Amino acid sequence: MMKRKTIKMTSLFLAGSIAISGVASASSNGVEPDEDTVKAGITPNSPLLYPLDIGMEKIKYKFADTNEEKAELLVAFSKERYAELLKMAGIDDEKLLEKATANYKEALGKTQAKIGDILVKKKDDILTQEALSTQLEQSTIPNLELEAKLPQEIQTQLEESREVNTLVANGLALVDSEQILLLKGMGLGYDQIITVVVLAEAGGVLHEEIATKIQEGKSYSEIAKELNLEKKEIAQKIVQRSVDAQLESIKEKIELAKKIGDKTGLYDLQLIENKLVQEKAALLSDSAKAELKEATQKAKEKVQEVTQEAVEQSKEEINQTGKEALQKSQEAIKDQIQNSSEIGNQAKETLKGLNPFAK
């Protein structure tokens, strides 16, 4: 015990030293140590201090008592990697930005793996499911204003990471345990497993086909595009199914809590039920908005189509009217010429009759 306490105290001392060094380093690089700078901590462009910072995180993780505590730490580490990347936005060093992006994606992958393991093992524990799913989803809340300063390629990678993370947070509990074990046996992580399942289901193809594409190095976006699938629709359906499944499960547990007289458990369950009901209402509202937007767009397209048809018809009518008018004008001119010719001939005959010398 004494040894463990000594290690923890030493870790705290080192962590404090590094935190101070991080602020000093930021100031020496011309960056004021504001609130965001302190949150981000030391960045990969500090080659001496950054490995120590990561080392301290590993020590914290090692001495966490439960898997849930480890999951919380991993969520915090992921957020810090993201903050580090944003702090480096705008620097003229492509390799460092790529390294910071890779660090963030690696940290998020570890977070998904740990939380995924817990979610799969505790499918019947609705309280743990709700808490960890929420933590995982909130771990990728973006700062789009700062992301806009990053290269477009990195922005695209971050967007895809968020999309897949939403699928993992909401969809993993919906996947059959045997499917998960089978896909894990192929060497796939939870982010890849959920990608396989949702794309195979949405695209009507076999899991193996999607898994093969992933192993070939294709991304979620690339595969969705090949299958002509809308990623937003996929995510929305997964979230709706997740909420519905959790509501169904929690109602059963509420009834059980009432029967056994578990007032504390009942209160906690009812809080989650209220939250899920609100989420479902928000989803339905978003769905209604999307349907309204789609209907408005279709109506707009129809109006444009009808208007174009009317314009074309008007043009045709105008052309036809013009042709008829031209034809009538030509006929009138022809009649006029013919009349003029006849009058001329009559005049000639009259002149001949008046001319005594005419034969």
# chains A, B, ... in the order shown; residues from 1 in each chain; ligands from 1
>>> residues_around(residues="region 148-157 of chain A", least_positions_apart="5", cutoff="12 Å", atoms="only C-alpha atoms", output="ChimeraX atom specification")
/A:82,85-102,104-105,142-143,162-164,219-222
>>> write_last_selection(atoms="N, CA and C atoms", output="PDB file, in the first residue's frame")
ATOM      1  N   TYR A  82      -7.979  16.342 -28.562  1.00  0.00           N
ATOM      2  CA  TYR A  82      -8.715  17.238 -29.474  1.00  0.00           C
ATOM      3  C   TYR A  82      -8.344  18.687 -29.197  1.00  0.00           C
ATOM      4  N   LEU A  85      -4.971  19.497 -30.629  1.00  0.00           N
ATOM      5  CA  LEU A  85      -5.034  19.702 -32.078  1.00  0.00           C
ATOM      6  C   LEU A  85      -5.550  21.097 -32.412  1.00  0.00           C
ATOM      7  N   LEU A  86      -6.609  21.512 -31.720  1.00  0.00           N
ATOM      8  CA  LEU A  86      -7.167  22.846 -31.974  1.00  0.00           C
ATOM      9  C   LEU A  86      -6.180  23.947 -31.592  1.00  0.00           C
ATOM     10  N   LYS A  87      -5.437  23.705 -30.521  1.00  0.00           N
ATOM     11  CA  LYS A  87      -4.450  24.695 -30.077  1.00  0.00           C
ATOM     12  C   LYS A  87      -3.362  24.891 -31.138  1.00  0.00           C
ATOM     13  N   MET A  88      -3.101  23.834 -31.900  1.00  0.00           N
ATOM     14  CA  MET A  88      -2.053  23.898 -32.925  1.00  0.00           C
ATOM     15  C   MET A  88      -2.596  24.378 -34.272  1.00  0.00           C
ATOM     16  N   ALA A  89      -3.904  24.616 -34.355  1.00  0.00           N
ATOM     17  CA  ALA A  89      -4.505  25.070 -35.624  1.00  0.00           C
ATOM     18  C   ALA A  89      -3.835  26.353 -36.081  1.00  0.00           C
ATOM     19  N   GLY A  90      -3.497  26.397 -37.339  1.00  0.00           N
ATOM     20  CA  GLY A  90      -2.894  27.604 -37.891  1.00  0.00           C
ATOM     21  C   GLY A  90      -1.376  27.547 -37.975  1.00  0.00           C
ATOM     22  N   ILE A  91      -0.734  26.547 -37.327  1.00  0.00           N
ATOM     23  CA  ILE A  91       0.727  26.467 -37.416  1.00  0.00           C
ATOM     24  C   ILE A  91       1.110  25.923 -38.792  1.00  0.00           C
ATOM     25  N   ASP A  92       2.249  26.326 -39.255  1.00  0.00           N
ATOM     26  CA  ASP A  92       2.701  25.940 -40.598  1.00  0.00           C
ATOM     27  C   ASP A  92       3.608  24.715 -40.507  1.00  0.00           C
ATOM     28  N   ASP A  93       3.040  23.610 -40.037  1.00  0.00           N
ATOM     29  CA  ASP A  93       3.807  22.368 -39.922  1.00  0.00           C
ATOM     30  C   ASP A  93       2.851  21.201 -40.145  1.00  0.00           C
ATOM     31  N   GLU A  94       2.794  20.731 -41.370  1.00  0.00           N
ATOM     32  CA  GLU A  94       1.843  19.694 -41.752  1.00  0.00           C
ATOM     33  C   GLU A  94       2.062  18.398 -40.982  1.00  0.00           C
ATOM     34  N   LYS A  95       3.322  18.030 -40.761  1.00  0.00           N
ATOM     35  CA  LYS A  95       3.614  16.771 -40.075  1.00  0.00           C
ATOM     36  C   LYS A  95       3.136  16.796 -38.625  1.00  0.00           C
ATOM     37  N   LEU A  96       3.343  17.934 -37.949  1.00  0.00           N
ATOM     38  CA  LEU A  96       2.901  18.042 -36.557  1.00  0.00           C
ATOM     39  C   LEU A  96       1.381  17.988 -36.454  1.00  0.00           C
ATOM     40  N   LEU A  97       0.699  18.621 -37.387  1.00  0.00           N
ATOM     41  CA  LEU A  97      -0.764  18.592 -37.398  1.00  0.00           C
ATOM     42  C   LEU A  97      -1.269  17.168 -37.655  1.00  0.00           C
ATOM     43  N   GLU A  98      -0.612  16.473 -38.566  1.00  0.00           N
ATOM     44  CA  GLU A  98      -0.978  15.082 -38.835  1.00  0.00           C
ATOM     45  C   GLU A  98      -0.754  14.204 -37.601  1.00  0.00           C
ATOM     46  N   LYS A  99       0.352  14.487 -36.878  1.00  0.00           N
ATOM     47  CA  LYS A  99       0.657  13.729 -35.661  1.00  0.00           C
ATOM     48  C   LYS A  99      -0.407  13.992 -34.595  1.00  0.00           C
ATOM     49  N   ALA A 100      -0.789  15.261 -34.437  1.00  0.00           N
ATOM     50  CA  ALA A 100      -1.810  15.611 -33.445  1.00  0.00           C
ATOM     51  C   ALA A 100      -3.154  14.981 -33.805  1.00  0.00           C
ATOM     52  N   THR A 101      -3.465  14.953 -35.096  1.00  0.00           N
ATOM     53  CA  THR A 101      -4.716  14.311 -35.557  1.00  0.00           C
ATOM     54  C   THR A 101      -4.685  12.818 -35.285  1.00  0.00           C
ATOM     55  N   ALA A 102      -3.557  12.190 -35.576  1.00  0.00           N
ATOM     56  CA  ALA A 102      -3.405  10.747 -35.335  1.00  0.00           C
ATOM     57  C   ALA A 102      -3.511  10.438 -33.842  1.00  0.00           C
ATOM     58  N   TYR A 104      -5.225  12.107 -31.630  1.00  0.00           N
ATOM     59  CA  TYR A 104      -6.635  12.237 -31.240  1.00  0.00           C
ATOM     60  C   TYR A 104      -7.430  11.006 -31.674  1.00  0.00           C
ATOM     61  N   LYS A 105      -7.247  10.571 -32.911  1.00  0.00           N
ATOM     62  CA  LYS A 105      -7.991   9.419 -33.420  1.00  0.00           C
ATOM     63  C   LYS A 105      -7.624   8.140 -32.653  1.00  0.00           C
ATOM     64  N   PRO A 142     -17.813  19.187 -31.131  1.00  0.00           N
ATOM     65  CA  PRO A 142     -16.793  19.946 -31.863  1.00  0.00           C
ATOM     66  C   PRO A 142     -16.760  21.442 -31.526  1.00  0.00           C
ATOM     67  N   ASN A 143     -15.618  22.032 -31.806  1.00  0.00           N
ATOM     68  CA  ASN A 143     -15.486  23.487 -31.826  1.00  0.00           C
ATOM     69  C   ASN A 143     -15.228  23.858 -33.296  1.00  0.00           C
ATOM     70  N   ARG A 162     -16.468  11.872 -35.764  1.00  0.00           N
ATOM     71  CA  ARG A 162     -17.679  12.179 -34.995  1.00  0.00           C
ATOM     72  C   ARG A 162     -18.855  11.322 -35.452  1.00  0.00           C
ATOM     73  N   GLU A 163     -18.986  11.165 -36.768  1.00  0.00           N
ATOM     74  CA  GLU A 163     -20.099  10.372 -37.312  1.00  0.00           C
ATOM     75  C   GLU A 163     -20.038   8.929 -36.829  1.00  0.00           C
ATOM     76  N   VAL A 164     -18.853   8.328 -36.907  1.00  0.00           N
ATOM     77  CA  VAL A 164     -18.699   6.932 -36.488  1.00  0.00           C
ATOM     78  C   VAL A 164     -18.866   6.822 -34.977  1.00  0.00           C
ATOM     79  N   SER A 219     -12.810   4.060 -46.029  1.00  0.00           N
ATOM     80  CA  SER A 219     -13.424   4.702 -44.870  1.00  0.00           C
ATOM     81  C   SER A 219     -14.936   4.531 -44.880  1.00  0.00           C
ATOM     82  N   TYR A 220     -15.546   4.888 -43.770  1.00  0.00           N
ATOM     83  CA  TYR A 220     -17.008   4.846 -43.636  1.00  0.00           C
ATOM     84  C   TYR A 220     -17.672   5.673 -44.733  1.00  0.00           C
ATOM     85  N   SER A 221     -17.153   6.876 -44.965  1.00  0.00           N
ATOM     86  CA  SER A 221     -17.740   7.767 -45.979  1.00  0.00           C
ATOM     87  C   SER A 221     -17.617   7.180 -47.378  1.00  0.00           C
ATOM     88  N   GLU A 222     -16.457   6.605 -47.681  1.00  0.00           N
ATOM     89  CA  GLU A 222     -16.229   6.041 -49.015  1.00  0.00           C
ATOM     90  C   GLU A 222     -17.168   4.863 -49.289  1.00  0.00           C
TER      91      GLU A 222
END
>>> residues_around(residues="region 263-273 of chain A", least_positions_apart="6", cutoff="10 Å", atoms="only C-alpha atoms", output="ChimeraX atom specification")
/A:126-127,130-131,243,246-251,253-257,279
>>> write_last_selection(atoms="C-alpha atoms", output="PDB file, in the first residue's frame")
ATOM      1  CA  ILE A 126     -29.446   0.496 -18.310  1.00  0.00           C
ATOM      2  CA  LEU A 127     -27.884   3.043 -15.934  1.00  0.00           C
ATOM      3  CA  GLU A 130     -26.932   5.484 -20.523  1.00  0.00           C
ATOM      4  CA  ALA A 131     -24.019   7.038 -18.630  1.00  0.00           C
ATOM      5  CA  VAL A 243     -33.660   5.545 -27.841  1.00  0.00           C
ATOM      6  CA  GLN A 246     -33.627   1.985 -24.127  1.00  0.00           C
ATOM      7  CA  LEU A 247     -37.160   3.220 -23.442  1.00  0.00           C
ATOM      8  CA  GLU A 248     -38.558  -0.267 -23.834  1.00  0.00           C
ATOM      9  CA  SER A 249     -35.911  -1.700 -21.515  1.00  0.00           C
ATOM     10  CA  ILE A 250     -36.276   1.011 -18.892  1.00  0.00           C
ATOM     11  CA  LYS A 251     -40.064   0.666 -18.717  1.00  0.00           C
ATOM     12  CA  LYS A 253     -37.104  -2.082 -15.111  1.00  0.00           C
ATOM     13  CA  ILE A 254     -39.402   0.646 -13.752  1.00  0.00           C
ATOM     14  CA  GLU A 255     -42.185  -1.903 -13.348  1.00  0.00           C
ATOM     15  CA  LEU A 256     -39.776  -4.254 -11.586  1.00  0.00           C
ATOM     16  CA  ALA A 257     -38.557  -1.462  -9.276  1.00  0.00           C
ATOM     17  CA  GLU A 279     -34.558  12.933 -26.717  1.00  0.00           C
TER      18      GLU A 279
END
>>> closest_residue(among="A:Leu108, A:Lys121, A:Thr307, A:Gly55", to="Ser177 (chain A)", atoms="only C-alpha atoms")
A:Lys121
>>> residues_around(residues="region 197-208 of chain A", least_positions_apart="2", cutoff="10 Å", atoms="only C-alpha atoms", output="PyMOL selection string")
chain A and resi 167+171-172+174-176+179-180+183+186+192-195+210-214+220+223-224+226-231+233-235+237-238
>>> select_by_dssp(residues="region 136-209 of chain A", states="helix (DSSP H, G or I)", output="NGL selection string")
:A and (136-138 or 144-147 or 152-174 or 177-184 or 190-203 or 207-209)
>>> closest_residue(among="A:Ala83, A:Ala71, A:Ala169, A:Ala107", to="Ile42 (chain A)", atoms="only C-alpha atoms")
A:Ala83
>>> closest_residue(among="A:Ser329, A:Gly322, A:Glu209, A:Thr134", to="Leu276 (chain A)", atoms="only C-alpha atoms")
A:Thr134
>>> atom_distance(atom1="CA of Ser133 (chain A)", atom2="CA of Asn165 (chain A)")
9.9 Å
>>> closest_residue(among="A:Asp124, A:Thr166, A:Asp117, A:Gly187", to="Glu137 (chain A)", atoms="only C-alpha atoms")
A:Thr166
>>> atom_distance(atom1="CA of Ile54 (chain A)", atom2="CA of Phe77 (chain A)")
9.2 Å
